[in-house]
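With PDB, C-alpha atoms, pLDDT in the B column inside, this is run_36.pdb:
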ATOM      1  CA  MET A  59       1.271  -5.392   6.561  1.00 45.00           C
ATOM      2  CA  GLU A  60       0.352  -2.763   3.970  1.00 47.00           C
ATOM      3  CA  GLY A  61       0.691  -0.076   6.607  1.00 49.00           C
ATOM      4  CA  ASP A  62       4.264  -1.207   7.160  1.00 49.00           C
ATOM      5  CA  LEU A  63       5.110  -0.860   3.477  1.00 49.00           C
ATOM      6  CA  PHE A  64       6.686   2.567   3.760  1.00 51.00           C
ATOM      7  CA  SER A  65       7.161   2.943   7.500  1.00 50.00           C
ATOM      8  CA  GLY A  66      10.742   3.479   8.376  1.00 49.00           C
ATOM      9  CA  ILE A  67      11.658   5.338   5.210  1.00 51.00           C
ATOM     10  CA  GLY A  68      14.231   7.995   5.935  1.00 50.00           C
ATOM     11  CA  ASN A  69      15.222   8.139   9.591  1.00 48.00           C
ATOM     12  CA  GLY A  70      12.146   6.324  10.891  1.00 45.00           C
ATOM     13  CA  THR A  71       9.576   8.636   9.291  1.00 51.00           C
ATOM     14  CA  GLN A  72       6.180   7.032   8.881  1.00 59.00           C
ATOM     15  CA  VAL A  73       4.367   7.833   5.661  1.00 60.00           C
ATOM     16  CA  ASP A  74       0.852   9.225   5.976  1.00 72.00           C
ATOM     17  CA  SER A  75      -1.921   6.709   5.285  1.00 80.00           C
ATOM     18  CA  ARG A  76      -3.333   9.077   2.630  1.00 80.00           C
ATOM     19  CA  VAL A  77      -0.056   8.775   0.756  1.00 78.00           C
ATOM     20  CA  LEU A  78      -0.267   4.995   0.946  1.00 82.00           C
ATOM     21  CA  GLN A  79      -3.827   5.076  -0.355  1.00 86.00           C
ATOM     22  CA  THR A  80      -2.759   7.285  -3.256  1.00 84.00           C
ATOM     23  CA  VAL A  81       0.177   5.007  -4.028  1.00 86.00           C
ATOM     24  CA  GLN A  82      -2.052   1.940  -3.938  1.00 90.00           C
ATOM     25  CA  LYS A  83      -4.693   3.627  -6.123  1.00 91.00           C
ATOM     26  CA  ASN A  84      -2.089   4.684  -8.687  1.00 91.00           C
ATOM     27  CA  PHE A  85      -0.533   1.230  -8.803  1.00 93.00           C
ATOM     28  CA  MET A  86      -3.978  -0.311  -9.298  1.00 95.00           C
ATOM     29  CA  GLN A  87      -4.657   2.101 -12.169  1.00 96.00           C
ATOM     30  CA  VAL A  88      -1.284   1.295 -13.715  1.00 96.00           C
ATOM     31  CA  GLN A  89      -1.936  -2.435 -13.397  1.00 97.00           C
ATOM     32  CA  ASP A  90      -5.356  -2.073 -15.038  1.00 98.00           C
ATOM     33  CA  ILE A  91      -3.831  -0.173 -17.951  1.00 98.00           C
ATOM     34  CA  LEU A  92      -1.011  -2.700 -18.318  1.00 98.00           C
ATOM     35  CA  ASP A  93      -3.561  -5.541 -18.353  1.00 98.00           C
ATOM     36  CA  GLN A  94      -5.484  -3.710 -21.058  1.00 98.00           C
ATOM     37  CA  ASN A  95      -2.237  -3.212 -23.004  1.00 98.00           C
ATOM     38  CA  ARG A  96      -1.559  -6.936 -22.873  1.00 98.00           C
ATOM     39  CA  LEU A  97      -4.953  -7.574 -24.479  1.00 98.00           C
ATOM     40  CA  LEU A  98      -4.347  -4.886 -27.091  1.00 98.00           C
ATOM     41  CA  ILE A  99      -0.949  -6.331 -27.984  1.00 98.00           C
ATOM     42  CA  ASN A 100      -2.438  -9.808 -28.347  1.00 98.00           C
ATOM     43  CA  GLU A 101      -5.137  -8.475 -30.653  1.00 98.00           C
ATOM     44  CA  ILE A 102      -2.605  -6.449 -32.659  1.00 98.00           C
ATOM     45  CA  ASN A 103      -0.455  -9.561 -33.092  1.00 98.00           C
ATOM     46  CA  GLN A 104      -3.422 -11.688 -34.168  1.00 98.00           C
ATOM     47  CA  ASN A 105      -4.514  -9.044 -36.664  1.00 98.00           C
ATOM     48  CA  HIS A 106      -1.006  -8.768 -38.034  1.00 98.00           C
ATOM     49  CA  GLU A 107      -0.643 -12.521 -38.436  1.00 98.00           C
ATOM     50  CA  SER A 108      -4.022 -12.788 -40.190  1.00 98.00           C
ATOM     51  CA  LYS A 109      -2.899 -10.323 -42.877  1.00 97.00           C
ATOM     52  CA  ILE A 110      -6.590  -9.528 -43.506  1.00 98.00           C
ATOM     53  CA  PRO A 111      -6.784  -5.909 -44.757  1.00 97.00           C
ATOM     54  CA  ASP A 112      -9.622  -4.917 -42.367  1.00 98.00           C
ATOM     55  CA  ASN A 113      -7.706  -6.338 -39.398  1.00 98.00           C
ATOM     56  CA  LEU A 114      -4.522  -4.523 -40.427  1.00 97.00           C
ATOM     57  CA  THR A 115      -6.503  -1.297 -40.749  1.00 97.00           C
ATOM     58  CA  ARG A 116      -7.965  -1.887 -37.278  1.00 98.00           C
ATOM     59  CA  ASN A 117      -4.417  -2.180 -35.910  1.00 98.00           C
ATOM     60  CA  VAL A 118      -3.854   1.525 -36.602  1.00 98.00           C
ATOM     61  CA  GLY A 119      -6.485   2.443 -34.011  1.00 98.00           C
ATOM     62  CA  LEU A 120      -5.338  -0.267 -31.613  1.00 98.00           C
ATOM     63  CA  ILE A 121      -1.737   0.971 -31.764  1.00 98.00           C
ATOM     64  CA  ARG A 122      -2.919   4.532 -31.101  1.00 98.00           C
ATOM     65  CA  GLU A 123      -4.853   3.287 -28.086  1.00 98.00           C
ATOM     66  CA  LEU A 124      -1.767   1.397 -26.892  1.00 98.00           C
ATOM     67  CA  ASN A 125       0.374   4.526 -27.233  1.00 98.00           C
ATOM     68  CA  ASN A 126      -2.181   6.590 -25.293  1.00 98.00           C
ATOM     69  CA  ASN A 127      -2.233   3.970 -22.554  1.00 98.00           C
ATOM     70  CA  ILE A 128       1.546   4.084 -22.316  1.00 98.00           C
ATOM     71  CA  ARG A 129       1.368   7.881 -21.938  1.00 98.00           C
ATOM     72  CA  ARG A 130      -1.192   7.447 -19.159  1.00 97.00           C
ATOM     73  CA  VAL A 131       1.113   5.017 -17.322  1.00 97.00           C
ATOM     74  CA  VAL A 132       4.014   7.465 -17.628  1.00 96.00           C
ATOM     75  CA  ASP A 133       1.817  10.267 -16.285  1.00 95.00           C
ATOM     76  CA  LEU A 134       0.624   8.131 -13.378  1.00 94.00           C
ATOM     77  CA  TYR A 135       4.207   7.252 -12.433  1.00 92.00           C
ATOM     78  CA  ALA A 136       5.221  10.927 -12.706  1.00 92.00           C
ATOM     79  CA  ASP A 137       2.328  11.947 -10.438  1.00 89.00           C
ATOM     80  CA  LEU A 138       3.173   9.157  -8.036  1.00 87.00           C
ATOM     81  CA  SER A 139       6.790  10.251  -7.848  1.00 87.00           C
ATOM     82  CA  SER A 140       5.851  13.889  -7.375  1.00 86.00           C
ATOM     83  CA  ASN A 141       3.274  13.165  -4.671  1.00 80.00           C
ATOM     84  CA  PHE A 142       5.605  10.834  -2.823  1.00 78.00           C
ATOM     85  CA  THR A 143       8.449  13.373  -2.940  1.00 82.00           C
ATOM     86  CA  ARG A 144       6.168  16.134  -1.629  1.00 80.00           C
ATOM     87  CA  SER A 145       4.989  13.861   1.152  1.00 77.00           C
ATOM     88  CA  MET A 146       8.520  12.967   2.184  1.00 77.00           C
ATOM     89  CA  ASP A 147       9.566  16.633   2.045  1.00 77.00           C
ATOM     90  CA  ALA A 148       6.603  17.614   4.230  1.00 74.00           C
ATOM     91  CA  SER A 149       7.425  14.801   6.630  1.00 70.00           C
ATOM     92  CA  SER A 150      11.060  15.897   6.805  1.00 70.00           C
ATOM     93  CA  GLU A 151       9.999  19.482   7.486  1.00 68.00           C
ATOM     94  CA  GLY A 152       7.805  18.244  10.331  1.00 62.00           C
ATOM     95  CA  GLU A 153      10.702  16.320  11.845  1.00 56.00           C
ATOM     96  CA  SER A 154      13.083  19.253  11.627  1.00 54.00           C
ATOM     97  CA  SER A 155      10.585  21.512  13.410  1.00 52.00           C
ATOM     98  CA  GLY A 156      10.057  18.966  16.164  1.00 49.00           C
ATOM     99  CA  ILE A 157       6.678  17.779  14.935  1.00 45.00           C
ATOM    100  CA  LEU A 158       6.083  14.500  13.160  1.00 47.00           C
ATOM    101  CA  LYS A 159       3.187  15.436  10.888  1.00 47.00           C
ATOM    102  CA  SER A 160       2.517  11.963   9.522  1.00 47.00           C
ATOM    103  CA  ASN A 161       0.889  10.649  12.683  1.00 48.00           C
ATOM    104  CA  GLY A 162      -0.823  13.893  13.622  1.00 49.00           C
ATOM    105  CA  LYS A 163       0.841  14.025  17.032  1.00 47.00           C
ATOM    106  CA  GLY A 164       3.220  16.673  18.185  1.00 47.00           C
ATOM    107  CA  ASN A 165       6.457  15.021  19.239  1.00 46.00           C
ATOM    108  CA  GLN A 166       9.154  17.226  20.597  1.00 47.00           C
ATOM    109  CA  LYS A 167      12.584  16.103  19.524  1.00 46.00           C
ATOM    110  CA  ARG A 168      15.428  16.297  21.927  1.00 43.00           C
ATOM    111  CA  ILE A 169      18.353  18.254  20.552  1.00 50.00           C
ATOM    112  CA  ARG A 170      21.731  16.988  21.664  1.00 48.00           C
ATOM    113  CA  SER A 171      24.227  19.557  22.759  1.00 50.00           C
ATOM    114  CA  GLY A 172      27.797  19.148  21.911  1.00 48.00           C
TER     115      GLY A 172
END
Could I get this structure in the form of structure tokens?
Amino acid sequence: MEGDLFSGIGNGTQVDSRVLQTVQKNFMQVQDILDQNRLLINEINQNHESKIPDNLTRNVGLIRELNNNIRRVVDLYADLSSNFTRSMDASSEGESSGILKSNGKGNQKRIRSG
């Protein structure tokens, strides 16, 4: 079923399995970071509610870590978008030249006259 995730995007083009692996890897990285952020936010909230000076001081570092994680998520999504766009562009170029690159087979397209 995973292989079917992006098949059929744009005029029946099938997305290369390497692209799917990259997408899956990036989403897993994003999910790991978001899970870590959830833990950080919980700790920040607990520290804030405790009003203990050492805990409040610790929040400074935790908030910095949270901000860095958010930047990493943004970068991962930007890379994902860029890679996916390049893949779709390459696939479209293959279709327009009569070759469907994503499956590695040369398929000649019939051009309709008229």
request  = List the residues matched by the PyMOL selection byres ((chain A and resi 80-95) around 7) in the displayed structure as a PyMOL selection string, ordered by chain and then by residue number.
outcome  = chain A and resi 76-79+96-99+124+127+131+134+138
ask   = Separation of CA of Asp74 in chain A and CA of Asp133 in chain A, in Å?
value =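 Distance between the two atoms: 22.3 Å.
From CA of Glu101 in chain A back to CA of Asn125 in chain A, the distance works out to 14.5 Å.
Rounded to one decimal, CA of Asp147 in chain A and CA of Ser75 in chain A lie 15.5 Å from each other.
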ask   = So which residues get picked by the PyMOL selection byres ((chain A and resi 117) around 12) here, written as a list in words?
value =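 That expression, the PyMOL selection byres ((chain A and resi 117) around 12), corresponds here to Leu98, Ile99, Asn100, Glu101, Ile102, Asn103, Gln104, Asn105, His106, Glu107, Ser108, Lys109, Ile110, Pro111, Asp112, Asn113, Leu114, Thr115, Arg116, Val118, Gly119, Leu120, Ile121, Arg122, Glu123, Leu124 and Asn125 of chain A.
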